[in-house]
$ cat final-v2.txt   # compact mmCIF, C-alpha atoms
# COMPACT_ATOMS: atom_id res chain seq x y z
CA MET A 4 -47.64 41.39 0.25
CA LYS A 5 -46.61 38.09 1.72
CA LYS A 6 -45.54 36.78 -1.68
CA ARG A 7 -43.34 39.78 -2.31
CA ASN A 8 -41.59 39.21 1.03
CA ASN A 9 -40.90 35.60 0.10
CA ASP A 10 -39.49 36.66 -3.23
CA SER A 11 -37.02 39.08 -1.73
CA MET A 12 -35.76 36.50 0.80
CA ALA A 13 -35.22 33.77 -1.79
CA VAL A 14 -31.75 32.25 -2.07
CA PRO A 15 -30.14 32.78 -5.53
CA MET A 16 -30.73 29.19 -6.56
CA SER A 17 -29.28 29.25 -10.05
CA SER A 18 -25.84 30.51 -8.94
CA MET A 19 -25.76 28.04 -6.07
CA ILE A 20 -26.60 25.18 -8.41
CA ASP A 21 -23.82 26.31 -10.72
CA VAL A 22 -21.28 26.19 -7.90
CA VAL A 23 -22.60 22.89 -6.58
CA PHE A 24 -22.40 21.26 -9.99
CA LEU A 25 -18.88 22.57 -10.50
CA LEU A 26 -17.87 21.00 -7.17
CA LEU A 27 -19.59 17.78 -8.11
CA ILE A 28 -17.83 17.59 -11.47
CA TYR A 29 -14.48 18.39 -9.82
CA PHE A 30 -14.84 15.54 -7.34
CA ILE A 31 -16.06 13.08 -9.97
CA VAL A 32 -13.12 13.90 -12.22
CA THR A 33 -10.47 13.76 -9.47
CA GLN A 34 -11.91 10.63 -7.87
CA LYS A 35 -9.71 7.62 -8.43
CA SER A 36 -10.75 4.07 -7.81
CA GLU A 37 -9.17 2.92 -4.59
CA ILE A 38 -6.05 0.87 -5.19
CA SER A 39 -6.10 -2.23 -3.09
CA GLU A 40 -2.62 -2.85 -1.80
CA ALA A 41 -1.20 -5.49 0.48
CA HIS A 42 1.78 -4.91 2.73
CA LEU A 43 4.00 -7.95 3.09
CA ALA A 44 6.08 -7.88 6.24
CA VAL A 45 9.80 -8.46 6.00
CA ASN A 46 11.32 -9.29 9.35
CA LEU A 47 14.66 -7.63 9.63
CA PRO A 48 16.87 -9.04 12.38
CA SER A 49 16.92 -6.53 15.22
CA PRO A 50 19.59 -6.59 17.92
CA GLY A 51 17.05 -6.73 20.76
CA ARG A 52 15.33 -9.83 19.45
CA SER A 53 16.80 -12.98 20.85
CA SER A 54 14.99 -16.25 21.19
CA LYS A 55 14.51 -17.15 24.83
CA ASP A 56 13.51 -20.73 24.25
CA THR A 57 16.36 -23.11 23.72
CA THR A 58 14.45 -25.47 21.42
CA LYS A 59 15.79 -25.46 17.93
CA PRO A 60 13.25 -23.81 15.61
CA GLN A 61 12.05 -25.79 12.65
CA LEU A 62 13.41 -24.17 9.56
CA LEU A 63 12.22 -24.27 6.02
CA GLU A 64 14.53 -22.87 3.39
CA LEU A 65 13.04 -21.12 0.42
CA GLU A 66 15.48 -19.80 -2.15
CA VAL A 67 14.31 -17.07 -4.47
CA HIS A 68 15.97 -16.69 -7.84
CA THR A 69 14.83 -14.92 -11.00
CA ASN A 70 11.60 -16.68 -12.00
CA ALA A 71 12.51 -19.74 -9.92
CA LEU A 72 11.82 -20.94 -6.39
CA TYR A 73 13.86 -23.62 -4.62
CA LEU A 74 12.35 -25.28 -1.57
CA GLN A 75 14.88 -27.10 0.62
CA GLY A 76 17.28 -27.02 -2.32
CA ARG A 77 14.84 -28.50 -4.85
CA HIS A 78 13.51 -26.55 -7.78
CA LEU A 79 9.71 -26.65 -7.68
CA SER A 80 6.96 -25.00 -9.66
CA ASP A 81 5.11 -22.06 -8.09
CA GLU A 82 2.00 -24.18 -7.56
CA ASP A 83 3.96 -26.92 -5.81
CA VAL A 84 5.71 -24.42 -3.52
CA SER A 85 2.38 -22.82 -2.67
CA ALA A 86 0.70 -26.18 -2.00
CA PHE A 87 3.64 -27.36 0.13
CA LEU A 88 3.66 -24.17 2.21
CA ILE A 89 -0.12 -24.30 2.72
CA ASN A 90 0.24 -27.87 3.91
CA MET A 91 3.10 -26.87 6.23
CA GLY A 92 1.09 -23.94 7.56
CA LYS A 93 -1.71 -26.29 8.55
CA GLN A 94 0.61 -28.79 10.20
CA ASN A 95 3.01 -26.43 11.91
CA PRO A 96 2.10 -22.72 11.76
CA ASP A 97 5.04 -21.79 14.02
CA MET A 98 7.57 -22.99 11.51
CA THR A 99 10.15 -20.41 10.46
CA VAL A 100 10.64 -19.85 6.76
CA MET A 101 14.08 -18.67 5.82
CA ILE A 102 13.71 -16.81 2.54
CA LYS A 103 17.07 -16.54 0.82
CA VAL A 104 16.96 -14.07 -2.02
CA SER A 105 19.46 -13.92 -4.83
CA MET A 106 20.84 -10.46 -5.62
CA SER A 107 19.67 -10.78 -9.22
CA ALA A 108 16.11 -11.80 -8.29
CA ARG A 109 13.34 -9.35 -9.04
CA ALA A 110 10.93 -7.76 -6.60
CA LYS A 111 8.09 -9.81 -8.05
CA ASP A 112 9.92 -13.03 -7.13
CA LEU A 113 10.35 -11.90 -3.53
CA VAL A 114 6.73 -10.74 -3.38
CA LYS A 115 5.67 -14.13 -4.70
CA ALA A 116 7.57 -15.95 -1.92
CA LEU A 117 6.25 -13.61 0.79
CA ASP A 118 2.76 -13.93 -0.64
CA TYR A 119 2.83 -17.74 -0.57
CA CYS A 120 3.97 -17.63 3.08
CA SER A 121 1.20 -15.18 3.87
CA GLY A 122 -1.35 -17.42 2.14
CA ALA A 123 -0.13 -20.38 4.18
CA ASN A 124 -0.39 -18.40 7.46
CA LEU A 125 3.33 -18.77 8.04
CA THR A 126 4.21 -15.54 9.79
CA ASN A 127 7.67 -16.42 11.04
CA MET A 128 9.80 -15.39 8.12
CA ASN A 129 13.30 -14.14 7.75
CA VAL A 130 14.54 -12.60 4.57
CA VAL A 131 18.26 -12.97 4.01
CA THR A 132 20.46 -12.24 1.07
CA LEU A 133 21.90 -15.16 -0.84
CA LYS A 134 25.58 -14.51 -1.39
CA MET B 11 -50.60 33.66 -17.65
CA LYS B 12 -46.93 33.43 -18.53
CA LYS B 13 -45.93 33.28 -14.87
CA HIS B 14 -48.40 30.50 -14.21
CA ARG B 15 -46.89 28.32 -16.96
CA GLU B 16 -43.35 28.84 -15.59
CA HIS B 17 -44.44 27.62 -12.17
CA ASN B 18 -45.88 24.45 -13.64
CA LEU B 19 -42.67 23.57 -15.46
CA GLU B 20 -40.39 24.13 -12.48
CA THR B 21 -37.90 21.33 -11.64
CA PRO B 22 -38.04 19.94 -8.06
CA ILE B 23 -34.92 21.82 -7.00
CA THR B 24 -34.99 20.91 -3.31
CA GLN B 25 -34.69 17.15 -3.85
CA MET B 26 -32.07 17.63 -6.52
CA ILE B 27 -29.96 19.78 -4.22
CA ASP B 28 -30.28 17.13 -1.52
CA ILE B 29 -28.96 14.45 -3.83
CA VAL B 30 -26.18 16.64 -5.19
CA PHE B 31 -25.00 17.56 -1.70
CA LEU B 32 -25.03 13.93 -0.67
CA LEU B 33 -22.89 13.10 -3.72
CA ILE B 34 -20.48 15.90 -2.88
CA ILE B 35 -20.15 14.73 0.71
CA PHE B 36 -19.49 11.19 -0.55
CA PHE B 37 -16.72 12.34 -2.89
CA VAL B 38 -15.15 14.63 -0.28
CA VAL B 39 -15.05 11.81 2.25
CA THR B 40 -13.68 9.17 -0.13
CA ALA B 41 -11.14 11.41 -1.86
CA SER B 42 -7.74 10.36 -0.61
CA VAL B 43 -5.49 13.18 0.41
CA ASP B 44 -2.14 11.45 0.34
CA GLU B 45 -1.99 10.38 -3.28
CA ASP B 46 1.15 12.40 -3.84
CA VAL B 47 3.15 9.82 -1.87
CA VAL B 48 2.51 7.27 -4.62
CA ASP B 49 4.83 7.22 -7.61
CA GLN B 50 2.80 6.34 -10.70
CA ASN B 51 5.92 5.04 -12.45
CA VAL B 52 6.21 2.22 -9.93
CA HIS B 53 4.20 -0.82 -11.04
CA LEU B 54 3.78 -3.07 -8.06
CA ALA B 55 4.05 -6.84 -8.15
CA ILE B 56 0.83 -8.78 -7.73
CA ALA B 57 0.04 -10.75 -4.58
CA LYS B 58 -2.52 -13.56 -4.87
CA TYR B 59 -3.13 -14.45 -1.24
CA ALA B 60 -2.12 -11.52 0.96
CA PRO B 61 -5.07 -9.53 2.27
CA ALA B 62 -5.52 -5.90 1.28
CA ILE B 63 -4.64 -3.39 3.96
CA GLU B 64 -7.63 -1.81 5.62
CA LYS B 65 -5.95 1.09 7.31
CA ASN B 66 -2.57 2.64 6.78
CA ASP B 67 -0.45 3.57 9.77
CA PRO B 68 -0.23 7.37 9.53
CA ARG B 69 3.37 7.28 10.80
CA SER B 70 4.58 5.03 8.01
CA VAL B 71 7.30 6.19 5.64
CA VAL B 72 6.51 5.33 2.03
CA ILE B 73 9.62 4.83 -0.07
CA ASN B 74 9.16 4.52 -3.82
CA LEU B 75 11.80 2.43 -5.54
CA ARG B 76 11.82 2.43 -9.33
CA ASP B 77 13.14 -0.39 -11.48
CA ASN B 78 16.40 1.49 -12.12
CA GLY B 79 17.06 1.72 -8.38
CA SER B 80 16.21 5.40 -7.98
CA ILE B 81 14.52 6.33 -4.73
CA ASN B 82 11.93 8.97 -3.99
CA ILE B 83 9.75 9.84 -1.06
CA ALA B 84 6.57 11.69 -2.00
CA MET B 85 8.10 12.25 -5.44
CA GLN B 86 11.15 13.90 -3.87
CA PRO B 87 14.26 12.17 -5.29
CA MET B 88 16.76 11.04 -2.69
CA THR B 89 20.24 9.60 -2.52
CA LEU B 90 21.03 6.73 -0.18
CA GLN B 91 22.85 9.08 2.17
CA GLN B 92 19.90 11.45 2.32
CA LEU B 93 17.57 8.54 2.97
CA GLN B 94 19.75 7.27 5.77
CA GLN B 95 19.94 10.69 7.40
CA MET B 96 16.19 11.08 7.14
CA LEU B 97 15.48 7.67 8.64
CA ILE B 98 17.92 8.27 11.50
CA ALA B 99 16.25 11.61 12.22
CA MET B 100 12.81 9.97 12.14
CA ARG B 101 13.92 7.23 14.48
CA GLN B 102 15.32 9.75 16.95
CA GLN B 103 12.10 11.69 16.80
CA SER B 104 9.48 8.95 16.88
CA GLY B 105 11.20 5.73 17.94
CA SER B 106 11.87 2.49 16.15
CA ALA B 107 8.24 1.44 15.70
CA ILE B 108 7.80 3.48 12.52
CA PRO B 109 6.83 1.17 9.67
CA ILE B 110 8.61 1.52 6.35
CA ILE B 111 6.50 0.77 3.30
CA LEU B 112 8.66 -0.10 0.35
CA ARG B 113 6.81 0.42 -2.92
CA CYS B 114 9.15 -1.23 -5.37
CA ASP B 115 8.54 -1.87 -9.03
CA ALA B 116 7.89 -5.53 -9.89
CA SER B 117 11.03 -5.68 -12.01
CA THR B 118 13.36 -4.01 -9.49
CA GLN B 119 16.39 -6.13 -8.74
CA TYR B 120 16.70 -7.38 -5.17
CA ARG B 121 20.11 -5.71 -4.81
CA TYR B 122 18.33 -2.32 -4.68
CA ILE B 123 15.76 -3.57 -2.17
CA ASP B 124 18.54 -5.04 -0.04
CA ARG B 125 20.35 -1.69 0.00
CA ILE B 126 17.28 0.05 1.40
CA MET B 127 16.63 -2.69 3.95
CA GLN B 128 20.21 -2.40 5.16
CA ILE B 129 19.88 1.37 5.48
CA ALA B 130 16.63 0.94 7.42
CA ALA B 131 18.24 -1.59 9.74
CA SER B 132 21.29 0.62 10.25
CA ALA B 133 18.97 3.50 11.15
CA GLY B 134 17.29 1.26 13.72
CA LEU B 135 14.01 0.74 11.86
CA TYR B 136 13.11 -2.91 11.52
CA ARG B 137 9.46 -2.85 10.52
CA VAL B 138 9.82 -3.03 6.75
CA ARG B 139 6.90 -3.96 4.52
CA ILE B 140 6.89 -4.52 0.80
CA SER B 141 3.86 -3.22 -0.99
CA ALA B 142 2.05 -5.36 -3.55
CA MET B 143 -1.10 -5.08 -5.60
CA VAL B 144 -3.87 -7.40 -4.48
CA ASP B 145 -5.03 -9.72 -7.25
CA GLU B 146 -8.79 -9.30 -7.67

$ encode --input "final-v2.txt" --output "structure tokens"
Amino acid sequence: MKKRNNDSMAVPMSSMIDVVFLLLIYFIVTQKSEISEAHLAVNLPSPGRSSKDTTKPQLLELEVHTNALYLQGRHLSDEDVSAFLINMGKQNPDMTVMIKVSMSARAKDLVKALDYCSGANLTNMNVVTLK
Amino acid sequence: MKKHREHNLETPITQMIDIVFLLIIFFVVTASVDEDVVDQNVHLAIAKYAPAIEKNDPRSVVINLRDNGSINIAMQPMTLQQLQQMLIAMRQQSGSAIPIILRCDASTQYRYIDRIMQIAASAGLYRVRISAMVDE
């Protein structure tokens, strides 16, 4: 008698397993590997931001052209620019990097410059357009 | 006799269901809901040093910029005027702290990026970020 009671109360396992497996397959199929993205800050000049200190900030000019970087007017290889910026970042992390971008430069060139600054812990950057 | 044999061959359903439910919960939790904001035609530039973002600001506006200069937000194509109007409306609604994430193709010319940055600045939004793929 007890067994019969148990039988009548049983959950319909096979249908539930069907549904559960369908859900599982759906999520496995739609799952995408997480894309790891970085967001590189571009400091746009805002009207409310004015420097209160009167000391002249130390400026480093980095020109960005198509597949070419110019540091203080000198054409350097990517490795040299990166090494120089890392060195600068260690010596003077408050230094401002003025990134001047040519209109014909590509996004990857700008990303490269911003990335090198980020790698050197230089957070004071200004992106301006090279006319 | 037949019934007895069936019982012996039964799979351990309870444990299997446990595992399957755990897997489902895992996939539900990790499934990202906002994938429609990402334009698959935009191939981001690669960043070697910049750290990967851990958490996205939910207020951020993601602008996709293709290599031909065309703009879309959540796959909705936009003209520059429409973008400007939208950004102005967003600024009036939520203030100037809204971050703008610019997902531009690696080969997009800077002139197109500059246009969008100028529009953002004219709308009063100054927190612009350029998205890049982290080199792993």

$ closest_atom_pairs --input "final-v2.txt" --of "chain A" --to "chain B" --cutoff "6 Å" --atoms "only C-alpha atoms" --output "JSON lines"
{"residue": "A:Leu27", "atom": "CA", "partner": "B:Ile34", "partner_atom": "CA", "distance": 5.6}
{"residue": "A:Phe30", "atom": "CA", "partner": "B:Phe37", "partner_atom": "CA", "distance": 5.8}
{"residue": "A:Ser39", "atom": "CA", "partner": "B:Ala62", "partner_atom": "CA", "distance": 5.7}
{"residue": "A:Glu40", "atom": "CA", "partner": "B:Met143", "partner_atom": "CA", "distance": 4.7}
{"residue": "A:Ala41", "atom": "CA", "partner": "B:Ala62", "partner_atom": "CA", "distance": 4.4}
{"residue": "A:His42", "atom": "CA", "partner": "B:Ser141", "partner_atom": "CA", "distance": 4.6}
{"residue": "A:Leu43", "atom": "CA", "partner": "B:Ile140", "partner_atom": "CA", "distance": 5.0}
{"residue": "A:Ala44", "atom": "CA", "partner": "B:Arg139", "partner_atom": "CA", "distance": 4.4}
{"residue": "A:Val45", "atom": "CA", "partner": "B:Val138", "partner_atom": "CA", "distance": 5.5}
{"residue": "A:Leu47", "atom": "CA", "partner": "B:Tyr136", "partner_atom": "CA", "distance": 5.3}
{"residue": "A:Met106", "atom": "CA", "partner": "B:Arg121", "partner_atom": "CA", "distance": 4.9}
{"residue": "A:Ser107", "atom": "CA", "partner": "B:Gln119", "partner_atom": "CA", "distance": 5.7}
{"residue": "A:Ala108", "atom": "CA", "partner": "B:Tyr120", "partner_atom": "CA", "distance": 5.4}
{"residue": "A:Arg109", "atom": "CA", "partner": "B:Gln119", "partner_atom": "CA", "distance": 4.4}
{"residue": "A:Ala110", "atom": "CA", "partner": "B:Ala116", "partner_atom": "CA", "distance": 5.0}
{"residue": "A:Lys111", "atom": "CA", "partner": "B:Ala116", "partner_atom": "CA", "distance": 4.7}
{"residue": "A:Asp118", "atom": "CA", "partner": "B:Ala60", "partner_atom": "CA", "distance": 5.7}
{"residue": "A:Ser121", "atom": "CA", "partner": "B:Ala60", "partner_atom": "CA", "distance": 5.7}
{"residue": "A:Gly122", "atom": "CA", "partner": "B:Tyr59", "partner_atom": "CA", "distance": 4.8}

$ residues_around --input "final-v2.txt" --residues "Gln75 of chain A" --least-positions-apart "3" --cutoff "10 Å" --atoms "all atoms listed in the file" --output "MDAnalysis selection string"
chainID A and resid 62:66 72 78:79 101

$ atom_distance --input "final-v2.txt" --atom1 "atom CA of Pro87 of chain B" --atom2 "atom CA of Ala107 of chain B"
24.3 Å

$ atom_distance --input "final-v2.txt" --atom1 "atom CA of Leu117 of chain A" --atom2 "atom CA of Met88 of chain B"
27.0 Å

$ axis_aligned_box --input "final-v2.txt" --around "segment 98-102 of chain A" --padding-each-side "4 Å" --output "JSON"
{"center_x": 10.8, "center_y": -19.9, "center_z": 7.0, "size_x": 14.5, "size_y": 14.2, "size_z": 17.0}

$ atom_distance --input "final-v2.txt" --atom1 "atom CA of Pro68 of chain B" --atom2 "atom CA of Ile98 of chain B"
18.3 Å

$ closest_residue --input "final-v2.txt" --among "B:Ile29, B:Ile129, B:Val47, B:Val39" --to "Ser70 of chain B" --atoms "all atoms listed in the file"
B:Val47

$ residues_around --input "final-v2.txt" --residues "segment 97-100 of chain A" --least-positions-apart "5" --cutoff "8 Å" --atoms "only C-alpha atoms" --output "PyMOL selection string"
chain A and resi 60-65+91-92+120+125-129

$ closest_residue --input "final-v2.txt" --among "B:Gln86, B:Asn74, B:Ser80, B:Thr21" --to "His53 of chain B" --atoms "all atoms listed in the file"
B:Asn74

$ decode --input "final-v2.txt" --residues "segment 31-108 of chain B" --atoms "C-alpha atoms" --output "PDB file, in the first residue's frame"
ATOM      1  CA  PHE B  31      20.956  22.297 -12.179  1.00  0.00           C
ATOM      2  CA  LEU B  32      24.288  23.588 -10.963  1.00  0.00           C
ATOM      3  CA  LEU B  33      25.457  23.840 -14.583  1.00  0.00           C
ATOM      4  CA  ILE B  34      22.278  25.670 -15.562  1.00  0.00           C
ATOM      5  CA  ILE B  35      22.666  28.132 -12.709  1.00  0.00           C
ATOM      6  CA  PHE B  36      26.281  28.721 -13.764  1.00  0.00           C
ATOM      7  CA  PHE B  37      25.310  29.456 -17.360  1.00  0.00           C
ATOM      8  CA  VAL B  38      22.384  31.676 -16.360  1.00  0.00           C
ATOM      9  CA  VAL B  39      24.608  33.730 -14.080  1.00  0.00           C
ATOM     10  CA  THR B  40      27.488  34.093 -16.542  1.00  0.00           C
ATOM     11  CA  ALA B  41      25.360  34.744 -19.627  1.00  0.00           C
ATOM     12  CA  SER B  42      25.746  38.408 -20.450  1.00  0.00           C
ATOM     13  CA  VAL B  43      22.530  40.199 -21.182  1.00  0.00           C
ATOM     14  CA  ASP B  44      23.844  43.239 -22.986  1.00  0.00           C
ATOM     15  CA  GLU B  45      25.587  41.617 -25.912  1.00  0.00           C
ATOM     16  CA  ASP B  46      23.374  43.441 -28.359  1.00  0.00           C
ATOM     17  CA  VAL B  47      25.262  46.675 -27.650  1.00  0.00           C
ATOM     18  CA  VAL B  48      28.365  45.187 -29.270  1.00  0.00           C
ATOM     19  CA  ASP B  49      28.742  45.453 -33.030  1.00  0.00           C
ATOM     20  CA  GLN B  50      30.446  42.301 -34.295  1.00  0.00           C
ATOM     21  CA  ASN B  51      31.702  44.163 -37.375  1.00  0.00           C
ATOM     22  CA  VAL B  52      33.908  46.352 -35.210  1.00  0.00           C
ATOM     23  CA  HIS B  53      37.316  44.751 -34.666  1.00  0.00           C
ATOM     24  CA  LEU B  54      38.960  46.504 -31.772  1.00  0.00           C
ATOM     25  CA  ALA B  55      42.617  47.463 -31.629  1.00  0.00           C
ATOM     26  CA  ILE B  56      44.792  45.480 -29.249  1.00  0.00           C
ATOM     27  CA  ALA B  57      46.170  46.964 -26.041  1.00  0.00           C
ATOM     28  CA  LYS B  58      49.258  45.317 -24.531  1.00  0.00           C
ATOM     29  CA  TYR B  59      49.472  46.982 -21.134  1.00  0.00           C
ATOM     30  CA  ALA B  60      46.065  48.387 -20.215  1.00  0.00           C
ATOM     31  CA  PRO B  61      44.210  46.297 -17.657  1.00  0.00           C
ATOM     32  CA  ALA B  62      40.926  44.632 -18.573  1.00  0.00           C
ATOM     33  CA  ILE B  63      37.849  46.278 -17.139  1.00  0.00           C
ATOM     34  CA  GLU B  64      36.327  44.427 -14.232  1.00  0.00           C
ATOM     35  CA  LYS B  65      32.969  46.109 -14.099  1.00  0.00           C
ATOM     36  CA  ASN B  66      31.182  48.243 -16.618  1.00  0.00           C
ATOM     37  CA  ASP B  67      29.430  51.398 -15.486  1.00  0.00           C
ATOM     38  CA  PRO B  68      25.751  50.655 -16.196  1.00  0.00           C
ATOM     39  CA  ARG B  69      25.167  54.287 -17.199  1.00  0.00           C
ATOM     40  CA  SER B  70      27.775  54.219 -19.945  1.00  0.00           C
ATOM     41  CA  VAL B  71      26.811  54.900 -23.547  1.00  0.00           C
ATOM     42  CA  VAL B  72      28.461  52.462 -25.949  1.00  0.00           C
ATOM     43  CA  ILE B  73      29.003  53.951 -29.392  1.00  0.00           C
ATOM     44  CA  ASN B  74      30.110  51.596 -32.146  1.00  0.00           C
ATOM     45  CA  LEU B  75      32.177  53.247 -34.853  1.00  0.00           C
ATOM     46  CA  ARG B  76      32.934  51.197 -37.952  1.00  0.00           C
ATOM     47  CA  ASP B  77      35.956  51.684 -40.180  1.00  0.00           C
ATOM     48  CA  ASN B  78      33.874  53.592 -42.747  1.00  0.00           C
ATOM     49  CA  GLY B  79      32.826  56.116 -40.105  1.00  0.00           C
ATOM     50  CA  SER B  80      29.266  54.872 -39.653  1.00  0.00           C
ATOM     51  CA  ILE B  81      27.906  55.080 -36.133  1.00  0.00           C
ATOM     52  CA  ASN B  82      25.487  52.831 -34.311  1.00  0.00           C
ATOM     53  CA  ILE B  83      24.310  52.475 -30.761  1.00  0.00           C
ATOM     54  CA  ALA B  84      23.069  48.988 -29.895  1.00  0.00           C
ATOM     55  CA  MET B  85      23.037  48.245 -33.631  1.00  0.00           C
ATOM     56  CA  GLN B  86      20.761  51.235 -34.258  1.00  0.00           C
ATOM     57  CA  PRO B  87      22.367  53.348 -37.022  1.00  0.00           C
ATOM     58  CA  MET B  88      22.657  57.033 -36.219  1.00  0.00           C
ATOM     59  CA  THR B  89      23.620  60.242 -37.933  1.00  0.00           C
ATOM     60  CA  LEU B  90      25.850  62.760 -36.191  1.00  0.00           C
ATOM     61  CA  GLN B  91      22.882  65.031 -35.550  1.00  0.00           C
ATOM     62  CA  GLN B  92      20.888  62.227 -33.978  1.00  0.00           C
ATOM     63  CA  LEU B  93      23.865  61.286 -31.829  1.00  0.00           C
ATOM     64  CA  GLN B  94      24.286  64.849 -30.667  1.00  0.00           C
ATOM     65  CA  GLN B  95      20.610  65.181 -29.789  1.00  0.00           C
ATOM     66  CA  MET B  96      20.718  61.910 -27.894  1.00  0.00           C
ATOM     67  CA  LEU B  97      23.823  62.861 -25.928  1.00  0.00           C
ATOM     68  CA  ILE B  98      22.382  66.278 -25.055  1.00  0.00           C
ATOM     69  CA  ALA B  99      19.182  64.615 -23.844  1.00  0.00           C
ATOM     70  CA  MET B 100      21.192  62.123 -21.778  1.00  0.00           C
ATOM     71  CA  ARG B 101      23.258  64.869 -20.234  1.00  0.00           C
ATOM     72  CA  GLN B 102      20.151  66.832 -19.276  1.00  0.00           C
ATOM     73  CA  GLN B 103      18.671  63.723 -17.750  1.00  0.00           C
ATOM     74  CA  SER B 104      21.624  62.218 -15.917  1.00  0.00           C
ATOM     75  CA  GLY B 105      24.343  64.861 -15.712  1.00  0.00           C
ATOM     76  CA  SER B 106      27.782  65.109 -17.236  1.00  0.00           C
ATOM     77  CA  ALA B 107      29.311  62.133 -15.426  1.00  0.00           C
ATOM     78  CA  ILE B 108      28.014  59.619 -17.960  1.00  0.00           C
TER      79      ILE B 108
END
